[in-house]
Amino acid sequence: MPIDHGLPWGRRCVEALVVGTTYHRGEFVDDADAQLSIRSKAVNYGLGCFGGIRAYWNDAKQELFVFRLSDHIERLFESALILGLEPPISENEAAEAVVELLRRNEAKSDQYVRPLLYVDSDELSPTLTDVPVALSIYAQPLGKYFGQESLHACVSSWRRVADNAIPARAKPTAAYLNSALARAEARRNGFDEAIFLTDDGDVSEGSAAHLFLVRRGELVSPPSTADNLEGITRRSLIELARSEPLGWTVVERTISRTELYAADEVFLCGTAAELTPVTRIDHRAVNGAKIGEWTTALGARFHDVAVGKADGWTHWRTPVWA
Ligand SMILES: Cc1ncc(COP(=O)(O)O)c(C=O)c1O
């Protein structure tokens, strides 16, 4: 029987790819020339790790701001360290390559940048030792990641990959089979997104986004030890929520599945996902299936800071055109 693939997810969440320039093995080349062999270990075994970075266009300032560039590059290099891969260039050089790539693509709209560090070998076996490592980086325009304002999520029957099976704290390419399986199951069953539990049954994260809930006047999120990625948006939201003008109480602690159903508000967050409200979980309404006040306030604050509308937080924004 043919598999029902559900809605055309990829088409809804990724805007049209624009032909431009890609950074590939130390050079800026035409997109079409950034190629890997079908024999590549990166293709066959997913041997590599990657990042996902957003840059926001500020029309009033005629500036493109890369959000937390050095933190994203630092995490990419940490992922490489965890996998035992030696990047071919330094963190500073990688950050410079991202900015240069956006300039070469004459980027003057919201962008998504994908640096990919991978085992650049066409030899047969799945090895991480004594292998050449390459870095490629592409960029593309990206608006909203999810096709709808708020999501109906389900708790996935797939467990989040455990950190000591495939490092969940890092962003290894191979771990995204776990994300893709959960997302496919959710969509085939009519949901918009999946929420992973850990092997112990605690809430971990979404398929490629972190989770927050609001309960009894506190913002709550599972810790990074719950087999989720060390998230940059999550970290940013915690800082923004705790600081003025919001000044909220934020708690990082284990979350049980049933707290999802009892929560006052739930949202997912991530570089691509930004801050996306979840208004139904497993057919139960959250906050009467309406987007909540905390979600709206934190989403607006995050957007203003990332785009460069809010004062301060300049260390989070790298201007491309200045
Ligand atoms: C598995 C996973 N969790 C969470 C996130 C969100 O992390 P960040 O805010 O650093 O983009 C991502 C996206 O990169 C992800 O792939």
# chains A, B, ... in the order shown; residues from 1 in each chain; ligands from 1

$ residues_around --residues "segment 171-175 of chain A" --least-positions-apart "5" --cutoff "10 Å" --atoms "only C-alpha atoms" --output "ChimeraX atom specification"
/A:42-52,75-76,78-80,82-83,116-118,160-162,165-166,180,228-230

$ residues_near_ligand --ligand "ligand 1" --cutoff "7 Å" --atoms "only C-alpha atoms and all ligand atoms" --output "PyMOL selection string"
chain A and resi 51-52+171+179+205-210+228-234+269-272

$ residues_around --residues "segment 276-293 of chain A" --least-positions-apart "4" --cutoff "6 Å" --atoms "only C-alpha atoms" --output "VMD selection string"
chain A and resid 150 to 154 264 to 268

$ closest_residue --among "A:Val155, A:Ala322, A:Ala226, A:Val133" --to "Arg103 of chain A" --atoms "only C-alpha atoms"
A:Ala322

$ residues_around --residues "Trp158 of chain A" --least-positions-apart "6" --cutoff "8 Å" --atoms "only C-alpha atoms" --output "PDB file with C-alpha atoms, in the first residue's frame"
ATOM      1  CA  ASN A 178      14.598  11.039  14.692  1.00  0.00           C
ATOM      2  CA  LEU A 181      10.137  10.285  11.881  1.00  0.00           C
ATOM      3  CA  ALA A 182       8.295  12.173  14.624  1.00  0.00           C
ATOM      4  CA  PHE A 196       9.182  14.269  22.008  1.00  0.00           C
ATOM      5  CA  LEU A 197       9.397  12.590  25.400  1.00  0.00           C
TER       6      LEU A 197
END

$ select_by_dssp --residues "segment 155-296 of chain A" --states "strand (DSSP E)" --output "count of residues only"
39

$ closest_residue --among "A:Leu36, A:Leu142, A:Ala310, A:Ala262" --to "Val214 of chain A" --atoms "only C-alpha atoms"
A:Ala262

$ select_by_dssp --residues "segment 132-226 of chain A" --states "helix (DSSP H, G or I)" --output "PyMOL selection string"
chain A and resi 173-188

$ write_last_selection --atoms "C-alpha atoms" --output "PDB file, in the first residue's frame"
ATOM      1  CA  THR A 173      23.041  15.400  10.863  1.00  0.00           C
ATOM      2  CA  ALA A 174      22.111  11.776  11.577  1.00  0.00           C
ATOM      3  CA  ALA A 175      19.900  12.768  14.555  1.00  0.00           C
ATOM      4  CA  TYR A 176      17.432  14.411  12.196  1.00  0.00           C
ATOM      5  CA  LEU A 177      16.051  11.037  11.167  1.00  0.00           C
ATOM      6  CA  ASN A 178      14.598  11.039  14.692  1.00  0.00           C
ATOM      7  CA  SER A 179      13.032  14.477  14.053  1.00  0.00           C
ATOM      8  CA  ALA A 180      11.782  13.494  10.603  1.00  0.00           C
ATOM      9  CA  LEU A 181      10.137  10.285  11.881  1.00  0.00           C
ATOM     10  CA  ALA A 182       8.295  12.173  14.624  1.00  0.00           C
ATOM     11  CA  ARG A 183       7.223  14.945  12.280  1.00  0.00           C
ATOM     12  CA  ALA A 184       6.036  12.485   9.618  1.00  0.00           C
ATOM     13  CA  GLU A 185       3.977  10.559  12.155  1.00  0.00           C
ATOM     14  CA  ALA A 186       2.432  13.792  13.459  1.00  0.00           C
ATOM     15  CA  ARG A 187       1.487  14.996  10.011  1.00  0.00           C
ATOM     16  CA  ARG A 188       0.125  11.665   8.821  1.00  0.00           C
TER      17      ARG A 188
END

$ closest_residue --among "A:Val250, A:Val113, A:Ile255, A:Leu219" --to "Gly201 of chain A" --atoms "only C-alpha atoms"
A:Ile255

$ atom_distance --atom1 "atom CA of Pro222 of chain A" --atom2 "atom CA of Ser156 of chain A"
16.5 Å

$ closest_residue --among "A:Gly299, A:Ser136, A:Glu63, A:Ala107" --to "Ala94 of chain A" --atoms "only C-alpha atoms"
A:Ser136

$ closest_residue --among "A:Leu124, A:Leu81, A:Asp59, A:Leu69" --to "Ile38 of chain A" --atoms "only C-alpha atoms"
A:Leu124

$ closest_residue --among "A:Ser236, A:Ser90, A:Thr21, A:Thr225" --to "Tyr138 of chain A" --atoms "only C-alpha atoms"
A:Thr21

$ closest_atom_pairs --of "segment 120-208 of chain A" --to "segment 22-29 of chain A" --cutoff "12 Å" --atoms "only C-alpha atoms" --output "CSV"
residue,atom,partner,partner_atom,distance
A:Asp120,CA,A:Arg25,CA,9.2
A:Pro132,CA,A:Arg25,CA,10.7
A:Val133,CA,A:Arg25,CA,9.0
A:Ala134,CA,A:Arg25,CA,5.6
A:Leu135,CA,A:Arg25,CA,5.7
A:Ser136,CA,A:His24,CA,4.3
A:Ile137,CA,A:Tyr23,CA,4.9
A:Tyr138,CA,A:Thr22,CA,4.9
A:Ala139,CA,A:Thr22,CA,7.3
A:Gln140,CA,A:Thr22,CA,10.0

$ write_last_selection --atoms "C-alpha atoms" --output "compact mmCIF listing (two decimals), in the first residue's frame"
# COMPACT_ATOMS: atom_id res chain seq x y z
CA ASP A 120 34.38 14.87 3.21
CA PRO A 132 38.99 15.04 5.92
CA VAL A 133 36.40 17.46 7.25
CA ALA A 134 34.82 20.20 5.11
CA LEU A 135 32.57 23.15 5.79
CA SER A 136 29.86 24.32 3.41
CA ILE A 137 27.43 27.17 4.09
CA TYR A 138 24.33 28.13 2.18
CA ALA A 139 21.81 30.91 2.68
CA GLN A 140 18.24 31.38 1.55

$ atom_distance --atom1 "atom CA of Leu260 of chain A" --atom2 "atom CA of Arg242 of chain A"
22.1 Å

$ residues_around --residues "Gly247 of chain A" --least-positions-apart "3" --cutoff "12 Å" --atoms "only C-alpha atoms" --output "PDB file with C-alpha atoms, in the first residue's frame"
ATOM      1  CA  GLY A 217       2.608  32.370  36.987  1.00  0.00           C
ATOM      2  CA  GLU A 218       5.898  30.802  35.895  1.00  0.00           C
ATOM      3  CA  LEU A 219       7.540  30.151  32.557  1.00  0.00           C
ATOM      4  CA  LEU A 237      14.021  33.767  25.627  1.00  0.00           C
ATOM      5  CA  ILE A 238      15.004  32.843  29.182  1.00  0.00           C
ATOM      6  CA  GLU A 239      17.228  35.950  29.386  1.00  0.00           C
ATOM      7  CA  LEU A 240      14.622  38.219  27.825  1.00  0.00           C
ATOM      8  CA  ALA A 241      11.821  36.862  30.033  1.00  0.00           C
ATOM      9  CA  ARG A 242      13.847  37.381  33.224  1.00  0.00           C
ATOM     10  CA  SER A 243      14.982  40.902  32.336  1.00  0.00           C
ATOM     11  CA  GLU A 244      13.077  44.183  32.168  1.00  0.00           C
ATOM     12  CA  VAL A 250      11.593  31.253  34.641  1.00  0.00           C
ATOM     13  CA  TRP A 294       2.638  35.492  27.842  1.00  0.00           C
ATOM     14  CA  ALA A 297       4.368  39.388  24.906  1.00  0.00           C
ATOM     15  CA  LEU A 298       7.539  37.272  24.765  1.00  0.00           C
TER      16      LEU A 298
END
